[in-house]
file input-v6.txt (compact mmCIF, C-alpha atoms (C1' of nucleotides))
# COMPACT_ATOMS: atom_id res chain seq x y z
CA MET A 1 30.84 -43.65 -41.43
CA SER A 2 29.41 -42.75 -38.05
CA THR A 3 31.07 -43.65 -34.83
CA ILE A 4 30.28 -47.32 -34.59
CA ARG A 5 31.97 -48.66 -31.52
CA GLN A 6 32.04 -52.25 -30.58
CA THR A 7 32.21 -51.43 -26.90
CA LEU A 8 30.10 -48.99 -24.93
CA THR A 9 31.35 -46.23 -22.67
CA ALA A 10 29.89 -44.68 -19.55
CA ASP A 11 28.93 -41.63 -21.61
CA ASP A 12 26.98 -43.82 -24.00
CA TRP A 13 24.91 -45.01 -21.07
CA ALA A 14 24.43 -41.48 -19.75
CA GLU A 15 23.31 -40.30 -23.16
CA ALA A 16 20.88 -43.16 -23.48
CA ALA A 17 19.59 -42.29 -20.03
CA LEU A 18 18.87 -38.73 -21.19
CA ASP A 19 17.10 -40.05 -24.25
CA ALA A 20 14.90 -42.31 -22.18
CA LEU A 21 14.31 -39.44 -19.79
CA ALA A 22 13.11 -37.13 -22.54
CA GLU A 23 10.85 -39.76 -24.05
CA ASP A 24 9.33 -41.58 -21.11
CA GLY A 25 10.32 -39.76 -17.96
CA VAL A 26 12.44 -40.75 -15.00
CA ARG A 27 10.83 -44.12 -14.62
CA ALA A 28 12.33 -45.09 -17.97
CA VAL A 29 15.84 -44.55 -16.66
CA ALA A 30 16.08 -48.14 -15.57
CA VAL A 31 19.04 -50.42 -15.95
CA GLU A 32 17.53 -53.38 -17.69
CA PRO A 33 15.30 -51.49 -20.14
CA LEU A 34 18.24 -49.29 -21.11
CA ALA A 35 20.38 -52.37 -21.60
CA ARG A 36 17.79 -53.87 -23.93
CA ARG A 37 17.65 -50.59 -25.75
CA LEU A 38 21.40 -50.61 -26.23
CA GLY A 39 21.43 -54.22 -27.29
CA VAL A 40 23.41 -55.47 -24.31
CA THR A 41 22.65 -56.85 -20.86
CA LYS A 42 23.03 -55.24 -17.49
CA GLY A 43 26.30 -57.05 -17.09
CA SER A 44 27.64 -54.22 -19.22
CA PHE A 45 25.99 -51.54 -17.14
CA TYR A 46 27.39 -52.66 -13.82
CA TRP A 47 30.83 -52.62 -15.24
CA HIS A 48 30.56 -48.91 -16.10
CA PHE A 49 28.46 -47.82 -13.11
CA ALA A 50 28.16 -48.88 -9.53
CA SER A 51 24.42 -48.34 -9.40
CA ARG A 52 21.41 -46.78 -11.08
CA ARG A 53 21.94 -43.79 -8.86
CA MET A 54 25.37 -43.20 -10.31
CA LEU A 55 23.96 -43.32 -13.81
CA LEU A 56 21.41 -40.68 -12.92
CA GLN A 57 24.14 -38.56 -11.44
CA ALA A 58 26.22 -38.79 -14.59
CA ALA A 59 23.26 -37.99 -16.82
CA LEU A 60 22.33 -35.04 -14.65
CA ALA A 61 25.87 -33.71 -14.77
CA LEU A 62 25.77 -33.88 -18.55
CA TRP A 63 22.42 -32.14 -18.63
CA GLU A 64 23.32 -29.37 -16.21
CA ARG A 65 26.54 -28.55 -17.99
CA ARG A 66 24.77 -28.30 -21.33
CA GLU A 67 21.89 -26.22 -20.05
CA THR A 68 24.30 -23.85 -18.40
CA ASP A 69 26.53 -23.57 -21.45
CA GLU A 70 23.52 -22.99 -23.62
CA VAL A 71 22.38 -20.03 -21.56
CA LEU A 72 25.84 -18.53 -21.55
CA ALA A 73 26.07 -18.94 -25.30
CA ARG A 74 22.75 -17.18 -25.78
CA ALA A 75 23.83 -14.43 -23.44
CA ALA A 76 27.02 -13.82 -25.35
CA GLU A 77 25.40 -13.45 -28.73
CA GLU A 78 23.13 -10.56 -27.89
CA THR A 79 23.83 -7.46 -25.86
CA ASP A 80 20.50 -5.65 -26.00
CA PRO A 81 18.47 -7.03 -23.10
CA ARG A 82 15.19 -6.73 -24.95
CA LYS A 83 16.53 -8.66 -27.91
CA ARG A 84 18.03 -11.18 -25.52
CA LEU A 85 14.65 -11.90 -24.04
CA ALA A 86 12.94 -12.02 -27.40
CA ARG A 87 15.50 -14.47 -28.67
CA LEU A 88 15.26 -16.57 -25.55
CA PHE A 89 11.55 -16.98 -26.05
CA ARG A 90 11.82 -17.78 -29.70
CA GLU A 91 14.30 -20.50 -28.82
CA ALA A 92 11.98 -21.90 -26.22
CA ASP A 93 10.17 -23.31 -29.19
CA GLY A 94 13.44 -24.82 -30.32
CA SER A 95 14.53 -28.21 -29.16
CA ARG A 96 11.59 -30.44 -28.38
CA ARG A 97 13.95 -32.79 -26.61
CA ALA A 98 15.32 -30.08 -24.32
CA GLY A 99 11.82 -29.10 -23.29
CA ARG A 100 10.72 -32.61 -22.58
CA LEU A 101 13.93 -33.21 -20.66
CA TYR A 102 13.31 -30.23 -18.47
CA LEU A 103 9.73 -31.20 -17.78
CA ALA A 104 10.67 -34.79 -17.02
CA LEU A 105 13.33 -33.68 -14.55
CA ALA A 106 11.33 -30.90 -12.95
CA ASN A 107 8.51 -33.32 -12.27
CA ALA A 108 10.66 -35.89 -10.55
CA THR A 109 9.66 -34.45 -7.21
CA ASP A 110 11.01 -37.49 -5.46
CA SER A 111 14.72 -38.09 -5.99
CA PRO A 112 16.55 -35.25 -4.19
CA LEU A 113 19.38 -35.91 -6.61
CA ILE A 114 17.28 -34.52 -9.43
CA THR A 115 15.51 -31.73 -7.63
CA GLU A 116 18.83 -30.29 -6.53
CA VAL A 117 20.11 -30.01 -10.08
CA VAL A 118 16.83 -28.67 -11.38
CA ARG A 119 16.89 -26.11 -8.62
CA ARG A 120 20.32 -24.90 -9.63
CA VAL A 121 19.46 -24.67 -13.32
CA MET A 122 16.27 -22.81 -12.50
CA ALA A 123 18.06 -20.36 -10.21
CA HIS A 124 20.63 -19.82 -12.93
CA ARG A 125 18.00 -18.99 -15.51
CA LEU A 126 16.03 -16.76 -13.17
CA ALA A 127 19.19 -14.84 -12.40
CA PHE A 128 19.82 -14.41 -16.10
CA LEU A 129 16.32 -13.07 -16.59
CA ARG A 130 16.65 -10.71 -13.63
CA GLU A 131 19.84 -9.32 -15.10
CA CYS A 132 18.09 -8.68 -18.39
CA TYR A 133 15.33 -6.72 -16.74
CA ALA A 134 17.76 -4.92 -14.49
CA ALA A 135 19.74 -3.93 -17.56
CA MET A 136 16.54 -2.40 -18.89
CA GLY A 137 16.37 -0.12 -15.89
CA ALA A 138 14.07 -2.02 -13.57
CA ASP A 139 14.73 -1.92 -9.84
CA ALA A 140 15.65 -5.17 -8.13
CA GLU A 141 12.15 -6.07 -7.01
CA THR A 142 10.49 -5.35 -10.31
CA ALA A 143 13.23 -7.21 -12.14
CA ALA A 144 12.70 -10.24 -9.91
CA ALA A 145 8.96 -10.10 -10.43
CA ARG A 146 9.23 -9.79 -14.20
CA ALA A 147 11.79 -12.58 -14.27
CA ALA A 148 9.36 -14.84 -12.42
CA MET A 149 6.63 -13.91 -14.88
CA ALA A 150 8.81 -14.55 -17.88
CA TYR A 151 10.02 -17.87 -16.54
CA SER A 152 6.48 -18.88 -15.70
CA MET A 153 5.44 -18.15 -19.25
CA PHE A 154 8.39 -20.19 -20.47
CA LEU A 155 7.52 -23.18 -18.30
CA GLY A 156 3.87 -22.94 -19.27
CA MET A 157 4.73 -22.87 -22.94
CA LEU A 158 6.80 -26.02 -22.54
CA GLN A 159 3.93 -27.77 -20.89
CA LEU A 160 1.29 -26.47 -23.25
CA ARG A 161 3.36 -27.52 -26.22
CA ARG A 162 3.66 -30.98 -24.78
CA ASP A 163 0.06 -31.43 -23.67
CA ALA A 164 -1.95 -29.33 -26.09
CA PRO A 165 0.23 -28.34 -29.04
CA GLU A 166 -2.85 -27.29 -30.98
CA ALA A 167 -3.36 -24.45 -28.52
CA ILE A 168 -0.20 -22.71 -29.71
CA PRO A 169 -0.36 -21.20 -33.19
CA GLU A 170 1.73 -22.87 -35.87
CA GLY A 171 4.07 -21.59 -38.53
CA GLU A 172 2.88 -18.25 -39.87
CA ARG A 173 0.78 -17.37 -36.86
CA PHE A 174 3.50 -18.36 -34.44
CA HIS A 175 5.39 -15.14 -35.04
CA GLU A 176 2.35 -13.06 -34.25
CA TYR A 177 1.97 -15.10 -31.11
CA MET A 178 5.52 -14.48 -30.04
CA HIS A 179 4.94 -10.83 -30.77
CA LEU A 180 2.08 -10.83 -28.27
CA VAL A 181 4.28 -12.61 -25.76
CA GLY A 182 6.96 -9.99 -26.25
CA GLU A 183 4.50 -7.19 -25.70
CA ALA A 184 3.26 -8.81 -22.54
CA LEU A 185 6.62 -9.56 -20.97
CA ILE A 186 9.07 -6.98 -22.31
CA PRO A 187 8.33 -3.38 -21.35
CA GLY A 188 8.98 -1.10 -24.31
CA TYR A 189 8.96 -4.08 -26.64
CA GLU A 190 7.07 -2.42 -29.48
CA ARG A 191 8.92 0.87 -29.20
CA ALA A 192 12.31 -0.81 -29.19
CA LEU A 193 12.09 -3.88 -31.40
CA VAL A 194 9.48 -3.42 -34.08
CA ARG A 195 10.74 -1.95 -37.31
CA ARG A 196 8.33 0.45 -38.93
CA MET B 197 -17.85 -35.80 16.12
CA SER B 198 -16.43 -36.23 12.67
CA THR B 199 -17.51 -38.99 10.34
CA ILE B 200 -15.72 -41.93 11.84
CA ARG B 201 -16.74 -44.96 9.90
CA GLN B 202 -15.66 -48.43 10.75
CA THR B 203 -15.87 -49.53 7.14
CA LEU B 204 -14.41 -47.88 4.08
CA THR B 205 -16.22 -46.96 0.89
CA ALA B 206 -15.04 -46.78 -2.71
CA ASP B 207 -15.07 -42.99 -2.43
CA ASP B 208 -12.76 -43.16 0.56
CA TRP B 209 -10.28 -45.02 -1.60
CA ALA B 210 -10.66 -42.57 -4.46
CA GLU B 211 -10.13 -39.66 -2.10
CA ALA B 212 -7.04 -41.28 -0.65
CA ALA B 213 -5.81 -41.83 -4.19
CA LEU B 214 -6.14 -38.12 -4.93
CA ASP B 215 -4.29 -37.29 -1.73
CA ALA B 216 -1.43 -39.59 -2.63
CA LEU B 217 -1.48 -38.17 -6.14
CA ALA B 218 -1.12 -34.61 -4.90
CA GLU B 219 1.65 -35.49 -2.49
CA ASP B 220 3.79 -38.01 -4.31
CA GLY B 221 2.56 -38.26 -7.88
CA VAL B 222 0.99 -41.06 -9.85
CA ARG B 223 3.47 -43.66 -8.70
CA ALA B 224 2.05 -43.25 -5.19
CA VAL B 225 -1.38 -44.34 -6.36
CA ALA B 226 -0.58 -47.95 -5.57
CA VAL B 227 -2.85 -50.45 -3.93
CA GLU B 228 -0.71 -51.71 -1.11
CA PRO B 229 0.76 -48.36 -0.02
CA LEU B 230 -2.71 -46.83 -0.01
CA ALA B 231 -3.98 -49.74 2.04
CA ARG B 232 -1.23 -49.20 4.61
CA ARG B 233 -2.11 -45.53 4.65
CA LEU B 234 -5.74 -46.33 5.35
CA GLY B 235 -4.86 -48.84 8.00
CA VAL B 236 -6.23 -51.84 6.12
CA THR B 237 -4.91 -54.43 3.70
CA LYS B 238 -5.47 -54.79 0.01
CA GLY B 239 -8.10 -57.37 0.75
CA SER B 240 -10.30 -54.36 1.36
CA PHE B 241 -9.31 -52.66 -1.87
CA TYR B 242 -10.13 -55.55 -4.13
CA TRP B 243 -13.54 -55.77 -2.63
CA HIS B 244 -14.32 -52.17 -3.69
CA PHE B 245 -12.42 -52.14 -6.98
CA ALA B 246 -11.60 -54.65 -9.64
CA SER B 247 -8.12 -53.27 -10.29
CA ARG B 248 -5.77 -50.37 -9.78
CA ARG B 249 -6.93 -49.05 -13.11
CA MET B 250 -10.49 -48.77 -11.86
CA LEU B 251 -9.34 -46.83 -8.84
CA LEU B 252 -7.51 -44.38 -11.06
CA GLN B 253 -10.62 -44.03 -13.18
CA ALA B 254 -12.77 -43.27 -10.14
CA ALA B 255 -10.28 -40.76 -8.78
CA LEU B 256 -10.03 -39.07 -12.16
CA ALA B 257 -13.79 -38.83 -12.44
CA LEU B 258 -13.91 -37.13 -9.05
CA TRP B 259 -11.16 -34.74 -10.04
CA GLU B 260 -12.59 -33.83 -13.40
CA ARG B 261 -16.03 -33.13 -12.00
CA ARG B 262 -14.64 -30.87 -9.32
CA GLU B 263 -12.33 -28.98 -11.63
CA THR B 264 -15.19 -28.41 -14.03
CA ASP B 265 -17.59 -27.34 -11.31
CA GLU B 266 -15.01 -25.03 -9.89
CA VAL B 267 -14.56 -23.23 -13.19
CA LEU B 268 -18.29 -22.90 -13.64
CA ALA B 269 -18.63 -21.51 -10.14
CA ARG B 270 -15.95 -18.94 -10.80
CA ALA B 271 -17.57 -18.01 -14.06
CA ALA B 272 -20.93 -17.45 -12.43
CA GLU B 273 -19.69 -15.11 -9.76
CA GLU B 274 -18.22 -12.47 -11.99
CA THR B 275 -19.58 -11.02 -15.19
CA ASP B 276 -16.90 -8.53 -16.15
CA PRO B 277 -14.38 -10.53 -18.20
CA ARG B 278 -11.42 -8.52 -16.93
CA LYS B 279 -12.38 -9.11 -13.33
CA ARG B 280 -13.00 -12.74 -14.15
CA LEU B 281 -9.46 -13.16 -15.35
CA ALA B 282 -8.01 -11.20 -12.45
CA ARG B 283 -9.90 -13.35 -9.98
CA LEU B 284 -8.90 -16.51 -11.76
CA PHE B 285 -5.26 -15.65 -11.39
CA ARG B 286 -5.56 -14.67 -7.79
CA GLU B 287 -7.15 -18.00 -7.12
CA ALA B 288 -4.38 -19.81 -8.92
CA ASP B 289 -2.47 -19.12 -5.74
CA GLY B 290 -5.28 -20.70 -3.80
CA SER B 291 -5.33 -24.40 -3.18
CA ARG B 292 -1.86 -25.84 -3.02
CA ARG B 293 -3.37 -29.28 -3.32
CA ALA B 294 -5.27 -28.46 -6.51
CA GLY B 295 -2.10 -27.19 -8.12
CA ARG B 296 -0.06 -30.20 -7.17
CA LEU B 297 -2.85 -32.45 -8.34
CA TYR B 298 -2.91 -30.83 -11.72
CA LEU B 299 0.85 -31.02 -12.11
CA ALA B 300 0.95 -34.63 -11.02
CA LEU B 301 -1.73 -35.58 -13.52
CA ALA B 302 -0.43 -33.49 -16.38
CA ASN B 303 2.96 -35.09 -16.03
CA ALA B 304 1.70 -38.63 -16.18
CA THR B 305 2.49 -38.74 -19.87
CA ASP B 306 2.13 -42.48 -19.85
CA SER B 307 -1.32 -43.73 -18.86
CA PRO B 308 -3.71 -42.69 -21.65
CA LEU B 309 -6.42 -42.85 -19.01
CA ILE B 310 -4.98 -39.79 -17.34
CA THR B 311 -3.89 -37.82 -20.38
CA GLU B 312 -7.39 -38.00 -21.78
CA VAL B 313 -8.94 -36.42 -18.70
CA VAL B 314 -6.23 -33.80 -18.42
CA ARG B 315 -6.77 -32.98 -22.05
CA ARG B 316 -10.48 -32.40 -21.50
CA VAL B 317 -9.96 -30.23 -18.44
CA MET B 318 -7.33 -28.21 -20.26
CA ALA B 319 -9.55 -27.70 -23.29
CA HIS B 320 -12.34 -26.65 -20.96
CA ARG B 321 -10.21 -24.02 -19.29
CA LEU B 322 -8.76 -22.74 -22.52
CA ALA B 323 -12.26 -22.33 -23.89
CA PHE B 324 -13.22 -20.40 -20.79
CA LEU B 325 -10.26 -18.08 -21.23
CA ARG B 326 -11.02 -17.61 -24.91
CA GLU B 327 -14.54 -16.58 -24.06
CA CYS B 328 -13.25 -14.04 -21.58
CA TYR B 329 -11.02 -12.44 -24.15
CA ALA B 330 -13.69 -12.62 -26.82
CA ALA B 331 -16.07 -10.85 -24.44
CA MET B 332 -13.49 -8.10 -24.21
CA GLY B 333 -13.73 -7.56 -27.94
CA ALA B 334 -10.84 -9.63 -29.24
CA ASP B 335 -11.26 -11.46 -32.54
CA ALA B 336 -11.15 -15.25 -32.45
CA GLU B 337 -7.47 -15.63 -33.23
CA THR B 338 -6.29 -13.02 -30.79
CA ALA B 339 -8.56 -14.43 -28.12
CA ALA B 340 -7.09 -17.89 -28.69
CA ALA B 341 -3.56 -16.54 -28.55
CA ARG B 342 -4.16 -14.58 -25.37
CA ALA B 343 -5.88 -17.57 -23.83
CA ALA B 344 -2.83 -19.69 -24.56
CA MET B 345 -0.60 -17.05 -23.02
CA ALA B 346 -2.74 -16.73 -19.93
CA TYR B 347 -2.91 -20.48 -19.46
CA SER B 348 0.82 -20.78 -19.96
CA MET B 349 1.37 -18.22 -17.26
CA PHE B 350 -1.00 -20.14 -15.03
CA LEU B 351 0.79 -23.44 -15.58
CA GLY B 352 4.16 -21.82 -15.10
CA MET B 353 3.08 -20.26 -11.84
CA LEU B 354 1.95 -23.64 -10.57
CA GLN B 355 5.30 -25.13 -11.39
CA LEU B 356 7.34 -22.22 -10.08
CA ARG B 357 5.40 -22.24 -6.85
CA ARG B 358 6.15 -25.92 -6.48
CA ASP B 359 9.80 -25.88 -7.48
CA ALA B 360 11.00 -22.42 -6.47
CA PRO B 361 8.44 -20.80 -4.21
CA GLU B 362 10.97 -18.18 -3.19
CA ALA B 363 10.88 -16.81 -6.73
CA ILE B 364 7.30 -15.63 -6.31
CA PRO B 365 6.81 -12.68 -3.97
CA GLU B 366 5.07 -13.38 -0.68
CA GLY B 367 2.31 -11.66 1.23
CA GLU B 368 2.45 -7.92 0.75
CA ARG B 369 4.45 -8.05 -2.46
CA PHE B 370 2.25 -10.73 -3.93
CA HIS B 371 -0.46 -8.24 -4.79
CA GLU B 372 1.97 -6.05 -6.68
CA TYR B 373 3.10 -9.16 -8.50
CA MET B 374 -0.43 -10.08 -9.50
CA HIS B 375 -0.89 -6.51 -10.62
CA LEU B 376 2.04 -6.93 -12.99
CA VAL B 377 0.57 -10.18 -14.22
CA GLY B 378 -2.76 -8.48 -14.84
CA GLU B 379 -1.09 -5.71 -16.79
CA ALA B 380 0.75 -8.23 -18.90
CA LEU B 381 -2.16 -10.50 -19.69
CA ILE B 382 -5.30 -8.36 -19.58
CA PRO B 383 -5.49 -5.58 -22.16
CA GLY B 384 -6.92 -2.45 -20.57
CA TYR B 385 -6.26 -3.84 -17.12
CA GLU B 386 -5.10 -0.62 -15.55
CA ARG B 387 -7.73 1.51 -17.20
CA ALA B 388 -10.55 -0.80 -16.16
CA LEU B 389 -9.64 -2.27 -12.80
CA VAL B 390 -7.41 0.05 -10.84
CA ARG B 391 -9.21 2.48 -8.53
CA ARG B 392 -7.62 5.86 -8.40
C1' DA C 393 52.14 -68.94 -25.28
C1' DT C 394 50.97 -67.44 -20.96
C1' DT C 395 49.18 -63.74 -18.46
C1' DA C 396 46.39 -59.93 -17.57
C1' DC C 397 42.90 -56.74 -18.51
C1' DT C 398 38.51 -55.09 -20.66
C1' DC C 399 33.92 -55.59 -21.54
C1' DC C 400 29.92 -58.24 -21.43
C1' DA C 401 26.64 -62.57 -20.63
C1' DT C 402 24.38 -65.57 -17.50
C1' DA C 403 22.46 -66.97 -13.41
C1' DC C 404 21.01 -65.98 -8.89
C1' DG C 405 18.71 -63.79 -4.78
C1' DC C 406 15.90 -59.95 -3.22
C1' DT C 407 12.11 -56.48 -3.06
C1' DA C 408 7.71 -54.10 -4.19
C1' DG C 409 3.67 -54.20 -6.19
C1' DC C 410 -0.50 -56.50 -8.84
C1' DG C 411 -4.02 -59.67 -8.76
C1' DT C 412 -6.41 -64.12 -6.83
C1' DA C 413 -8.19 -67.38 -3.60
C1' DT C 414 -9.98 -68.31 0.46
C1' DG C 415 -11.15 -67.86 5.18
C1' DG C 416 -13.22 -65.17 9.00
C1' DC C 417 -15.94 -62.12 11.67
C1' DA C 418 -19.64 -59.06 12.64
C1' DA C 419 -24.12 -57.30 11.55
C1' DC C 420 -28.35 -57.78 10.01
C1' DC C 421 -32.30 -60.84 8.60
C1' DG C 422 -35.48 -64.51 8.75
C1' DC D 423 -30.97 -69.03 16.42
C1' DG D 424 -29.06 -70.21 11.88
C1' DG D 425 -28.04 -68.18 7.65
C1' DT D 426 -26.73 -64.62 4.51
C1' DT D 427 -24.20 -60.68 3.28
C1' DG D 428 -20.70 -56.98 3.69
C1' DC D 429 -16.09 -55.94 4.62
C1' DC D 430 -11.60 -57.28 5.46
C1' DA D 431 -7.18 -60.40 6.57
C1' DT D 432 -4.00 -63.82 5.10
C1' DA D 433 -1.53 -66.42 2.05
C1' DC D 434 -0.08 -67.35 -2.50
C1' DG D 435 1.78 -66.89 -7.33
C1' DC D 436 3.59 -63.69 -10.70
C1' DT D 437 6.35 -59.86 -12.78
C1' DA D 438 9.84 -56.14 -13.22
C1' DG D 439 13.63 -54.21 -11.73
C1' DC D 440 18.04 -53.75 -8.60
C1' DG D 441 22.28 -55.52 -7.37
C1' DT D 442 25.92 -59.54 -7.09
C1' DA D 443 28.74 -63.31 -8.48
C1' DT D 444 30.98 -65.55 -11.73
C1' DG D 445 32.34 -67.09 -16.15
C1' DG D 446 33.98 -66.15 -20.75
C1' DA D 447 35.52 -64.19 -25.10
C1' DG D 448 38.55 -60.97 -27.14
C1' DT D 449 42.81 -58.20 -27.06
C1' DA D 450 47.25 -56.64 -25.65
C1' DA D 451 51.47 -57.15 -23.46
C1' DT D 452 55.59 -59.73 -22.13
call {"tool": "encode", "arguments": {"input": "input-v6.txt", "output": "structure tokens"}}
result
Amino acid sequence: MSTIRQTLTADDWAEAALDALAEDGVRAVAVEPLARRLGVTKGSFYWHFASRRMLLQAALALWERRETDEVLARAAEETDPRKRLARLFREADGSRRAGRLYLALANATDSPLITEVVRRVMAHRLAFLRECYAAMGADAETAAARAAMAYSMFLGMLQLRRDAPEAIPEGERFHEYMHLVGEALIPGYERALVRR
Amino acid sequence: MSTIRQTLTADDWAEAALDALAEDGVRAVAVEPLARRLGVTKGSFYWHFASRRMLLQAALALWERRETDEVLARAAEETDPRKRLARLFREADGSRRAGRLYLALANATDSPLITEVVRRVMAHRLAFLRECYAAMGADAETAAARAAMAYSMFLGMLQLRRDAPEAIPEGERFHEYMHLVGEALIPGYERALVRR
DNA sequence: ATTACTCCATACGCTAGCGTATGGCAACCG
DNA sequence: CGGTTGCCATACGCTAGCGTATGGAGTAAT
């Protein structure tokens, strides 16, 4: 049987906050709606947290740790920088929830609490991308530029998938699409990665 | 002297709504805050509009018309599809306000009113991009794929410029950056557009 | 069995924003 | 000069959400 607990924990609330965040944005991370969602009242919430702000902080901490770990895990699995990038982009299509979470957080331009964390995660990812391009022999400036391009494409894909999923090819054609993306963003992509 | 009017018009309210939208997102499009901003009370607002919803509708109509006109204007000025695309991307760096407006609207995933308009504008732009690529000799599928890529890059640049402007090269280096973008997204870019 | 501690429910006050009702003032109109 | 109309202020009720205060049921310990 699954973990049915009679009593909630702070992490349960944080997790529910992330769920609400991914589905309906920051405005949905509200005490009373979350309480209804969890089948309790806010009396429960204010036992576990001092304020809504603290809940956000906890949820953000969870999110940042996971995003960071995820990148490190991806980095460890693949040594060839070109394959790293290719894999990274394929996985961008992965978790719908992760994408929506990122978009929801990145677009909370109020709330300095959130923008700070987003900023760190973004810097982390950009650095990772820069290292990939540097490992392919690019000088620092070119690596930074290509990293910005690649990350832009990544962000745009998230948004396009959310707002106009029909614009991105499905299933069979998706691989051809990612092939085009690889050619555009990874110098020497065809020469290095396509088996012939 | 500039147009100092003693009495506001519905368009003044709609314009103020777009300003608030660009600066602080959809949540800032609120009757009473806008009234304070305009130096009046909401008594004025409810004379010009029946509800907040109607204000949003008016502001969206303004926005959509301008975005559409803008694209048409760009399309008329340049016939070579490659140069069209290059110009389009250079201008993506143009109006900060336009970019923030788009992001604010695109991220209002609630409010069907907004998502509908955003959807139309997006479809319009994607069609424009597809035509550019088709005019360069791409078959329908490839044109659609490249259009999606180009639009993704565009969206990503908007977001990156908002959230991490330091990641995008400034001034002198910006042109080299856009050159890289052109190479990545416009087949035959170097051959066709670079003077030597 | 009494005590203490954990987790939650209930009830309350407070704020911001939406929408309504009504009054007022100035300009124009007859 | 009196009336009408256009534009706005003021005052009110209503809702959703934040935070607080307090009570209460269950459990564990002594």
call {"tool": "interface_residues", "arguments": {"input": "input-v6.txt", "of": "chain A", "to": "chain B", "cutoff": "10 Å", "atoms": "all atoms listed in the file", "output": "VMD selection string"}}
result
chain A and resid 23 to 25 27 103 to 104 106 to 110 115 118 to 119 122 to 123 126 141 to 142 144 to 164 166 to 169 173 to 174 176 to 178 180 to 187
call {"tool": "atom_distance", "arguments": {"input": "input-v6.txt", "atom1": "CA of Tyr189 (chain A)", "atom2": "CA of His124 (chain A)"}}
result
23.9 Å
call {"tool": "closest_residue", "arguments": {"input": "input-v6.txt", "among": "B:Glu386, B:Asp215, B:Glu228, B:Glu273", "to": "Trp259 (chain B)", "atoms": "only C-alpha atoms"}}
result
B:Asp215
call {"tool": "closest_atom_pairs", "arguments": {"input": "input-v6.txt", "of": "chain C", "to": "chain B", "cutoff": "9 Å", "atoms": "all atoms listed in the file", "output": "JSON lines"}}
result
{"residue": "C:DG409", "atom": "C1'", "partner": "B:Glu228", "partner_atom": "CA", "distance": 7.2}
{"residue": "C:DC410", "atom": "C1'", "partner": "B:Val227", "partner_atom": "CA", "distance": 8.1}
{"residue": "C:DG411", "atom": "C1'", "partner": "B:Ser247", "partner_atom": "CA", "distance": 7.8}
call {"tool": "closest_atom_pairs", "arguments": {"input": "input-v6.txt", "of": "chain D", "to": "chain B", "cutoff": "10 Å", "atoms": "all atoms listed in the file", "output": "Markdown table"}}
result
| residue | atom | partner | partner_atom | distance |
| --- | --- | --- | --- | --- |
| D:DG428 | C1' | B:Thr203 | CA | 9.5 |
| D:DC429 | C1' | B:Ser240 | CA | 6.8 |
| D:DC430 | C1' | B:Ser240 | CA | 5.2 |
| D:DA431 | C1' | B:Gly239 | CA | 6.6 |
| D:DT432 | C1' | B:Gly239 | CA | 8.8 |
call {"tool": "axis_aligned_box", "arguments": {"input": "input-v6.txt", "around": "region 402-414 of chain C", "padding_each_side": "3 Å", "output": "lines of an AutoDock Vina configuration file"}}
result
center_x = 7.2
center_y = -61.2
center_z = -8.5
size_x = 40.4
size_y = 20.2
size_z = 24.0
call {"tool": "closest_residue", "arguments": {"input": "input-v6.txt", "among": "B:Ala339, B:Ala212, B:Leu217, B:Leu297", "to": "Arg233 (chain B)", "atoms": "all atoms listed in the file"}}
result
B:Ala212
